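One structure below.
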Amino acid sequence: MSESHTPPDPNELARLRALVADYETKLTDAAALVAHVRHEINNPLAALLGQAQLMLREEHGDKARKRAETIEMLAIRIKETVAELRDVQTPVAAVNRAEE
């Protein structure tokens with residue numbers, strides 16, 4: 001049993017291409033926003049983490065040391081979470097083109 005191949009409707013193809021282009025633009029905009037957010041979080045986070053690590057090198061009581069360790073641990077968690085956003089930062093269109 002052979003299936004007949006109907007040529008695609010040019011209007012439908014044009015509509016779908018426009019839709020894909022629109023979504024690629026939106027994804028590119030979202031990726032740019034993610035890049036900006038990563039940058040805005042990473043800069044103060046690096047300073048915060050550095051200050052916590054400097055505090056850990058100094059002599060402090062147990063309570064202050066525990067607080068500095070907590071700050072360092074939480075800052076590292078945020079840093080790792082922000083690093084995961086790198087994958088979101090690459091627009092799908094760029095990924096698709098790279099795979100072709």
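How things are named: the first chain in the structure tokens is A, the next is B, and so on; residues count from 1 in each chain; ligands count from 1 in the order shown.
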
Who sits within 12 Å of A:Asn43, only C-alpha atoms, same chain under 6 positions skipped, as a ChimeraX atom specification: /A:36-37,49-50,75,79,82

DSSP-assigned helix (DSSP H, G or I) among chain A, expressed as number ranges by chain: A: 10-57, 62-84, 86-89, 92-99

Surrounding residues of A:Ala68 excluding itself and chain neighbours under 3 positions, 8 Å, only C-alpha atoms, as number ranges by chain: A: 52-53, 55-56, 64-65, 71-72

What does the file look like for those residues with N, CA and C atoms, as a PDB file, in the first residue's frame?
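The new file again_19.pdb reads:
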ATOM      1  N   ALA A  52      33.543  35.684  53.057  1.00  0.00           N
ATOM      2  CA  ALA A  52      33.322  34.549  53.966  1.00  0.00           C
ATOM      3  C   ALA A  52      34.595  33.727  54.093  1.00  0.00           C
ATOM      4  N   GLN A  53      35.295  33.508  52.987  1.00  0.00           N
ATOM      5  CA  GLN A  53      36.527  32.726  53.020  1.00  0.00           C
ATOM      6  C   GLN A  53      37.634  33.465  53.768  1.00  0.00           C
ATOM      7  N   MET A  55      37.074  35.534  56.245  1.00  0.00           N
ATOM      8  CA  MET A  55      36.688  35.410  57.652  1.00  0.00           C
ATOM      9  C   MET A  55      37.108  34.061  58.222  1.00  0.00           C
ATOM     10  N   LEU A  56      37.032  33.022  57.408  1.00  0.00           N
ATOM     11  CA  LEU A  56      37.393  31.686  57.883  1.00  0.00           C
ATOM     12  C   LEU A  56      38.888  31.553  58.133  1.00  0.00           C
ATOM     13  N   ALA A  64      30.949  32.652  65.487  1.00  0.00           N
ATOM     14  CA  ALA A  64      31.253  33.447  64.287  1.00  0.00           C
ATOM     15  C   ALA A  64      31.803  32.556  63.180  1.00  0.00           C
ATOM     16  N   ARG A  65      32.636  31.586  63.543  1.00  0.00           N
ATOM     17  CA  ARG A  65      33.199  30.659  62.550  1.00  0.00           C
ATOM     18  C   ARG A  65      32.077  29.848  61.888  1.00  0.00           C
ATOM     19  N   ILE A  71      27.658  30.853  55.625  1.00  0.00           N
ATOM     20  CA  ILE A  71      27.629  31.817  54.516  1.00  0.00           C
ATOM     21  C   ILE A  71      28.386  31.249  53.319  1.00  0.00           C
ATOM     22  N   GLU A  72      29.558  30.677  53.568  1.00  0.00           N
ATOM     23  CA  GLU A  72      30.344  30.101  52.472  1.00  0.00           C
ATOM     24  C   GLU A  72      29.583  28.965  51.793  1.00  0.00           C
TER      25      GLU A  72
END

Spatial neighbours of A:Val34, 12 Å, only C-alpha atoms, chain gap at least 5 places, as a PyMOL selection string: chain A and resi 27-29+39-42+82-91

Restricting it to N, CA and C atoms, dump the selection as a short mmCIF file (atom, residue, chain, number, x, y, z; two decimals), in the first residue's frame.
data_model
loop_
_atom_site.label_atom_id
_atom_site.label_comp_id
_atom_site.auth_asym_id
_atom_site.auth_seq_id
_atom_site.Cartn_x
_atom_site.Cartn_y
_atom_site.Cartn_z
N LEU A 27 13.24 33.03 22.53
CA LEU A 27 14.25 32.24 23.23
C LEU A 27 15.57 32.99 23.32
N THR A 28 15.93 33.69 22.26
CA THR A 28 17.16 34.48 22.26
C THR A 28 17.06 35.59 23.30
N ASP A 29 15.90 36.24 23.36
CA ASP A 29 15.69 37.28 24.38
C ASP A 29 15.77 36.70 25.79
N HIS A 39 25.19 37.32 35.42
CA HIS A 39 26.23 38.31 35.66
C HIS A 39 25.93 39.13 36.91
N GLU A 40 24.69 39.58 37.03
CA GLU A 40 24.30 40.41 38.17
C GLU A 40 24.34 39.64 39.49
N ILE A 41 24.14 38.34 39.45
CA ILE A 41 24.23 37.53 40.67
C ILE A 41 25.68 37.17 40.96
N ASN A 42 26.43 36.79 39.94
CA ASN A 42 27.80 36.32 40.15
C ASN A 42 28.73 37.40 40.71
N VAL A 82 23.56 29.03 39.81
CA VAL A 82 23.72 30.02 38.75
C VAL A 82 24.52 29.42 37.59
N ALA A 83 25.51 28.59 37.90
CA ALA A 83 26.31 27.96 36.84
C ALA A 83 25.45 27.06 35.96
N GLU A 84 24.43 26.44 36.54
CA GLU A 84 23.54 25.58 35.75
C GLU A 84 22.74 26.38 34.72
N LEU A 85 22.62 27.67 34.92
CA LEU A 85 21.89 28.51 33.98
C LEU A 85 22.64 28.71 32.67
N ARG A 86 23.91 28.31 32.63
CA ARG A 86 24.67 28.41 31.37
C ARG A 86 23.97 27.66 30.25
N ASP A 87 23.38 26.52 30.57
CA ASP A 87 22.69 25.72 29.55
C ASP A 87 21.50 26.47 28.97
N VAL A 88 20.83 27.25 29.79
CA VAL A 88 19.67 28.02 29.35
C VAL A 88 20.12 29.21 28.51
N GLN A 89 21.34 29.64 28.73
CA GLN A 89 21.86 30.83 28.08
C GLN A 89 22.06 30.65 26.59
N THR A 90 22.22 29.42 26.11
CA THR A 90 22.45 29.17 24.69
C THR A 90 21.11 29.00 23.99
N PRO A 91 20.76 29.93 23.10
CA PRO A 91 19.47 29.82 22.42
C PRO A 91 19.34 28.50 21.64
#

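Coordinates place atom CA of A:His5 at a distance of 23.9 Å from atom CA of A:Val20.
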
Straight-line distance linking atom CA of A:Glu58 with atom CA of A:Leu74, stated in Å to one decimal: 19.5 Å

Two-atom distance - atom CA of A:Ala14, atom CA of A:Ala31 (Å): 25.5 Å
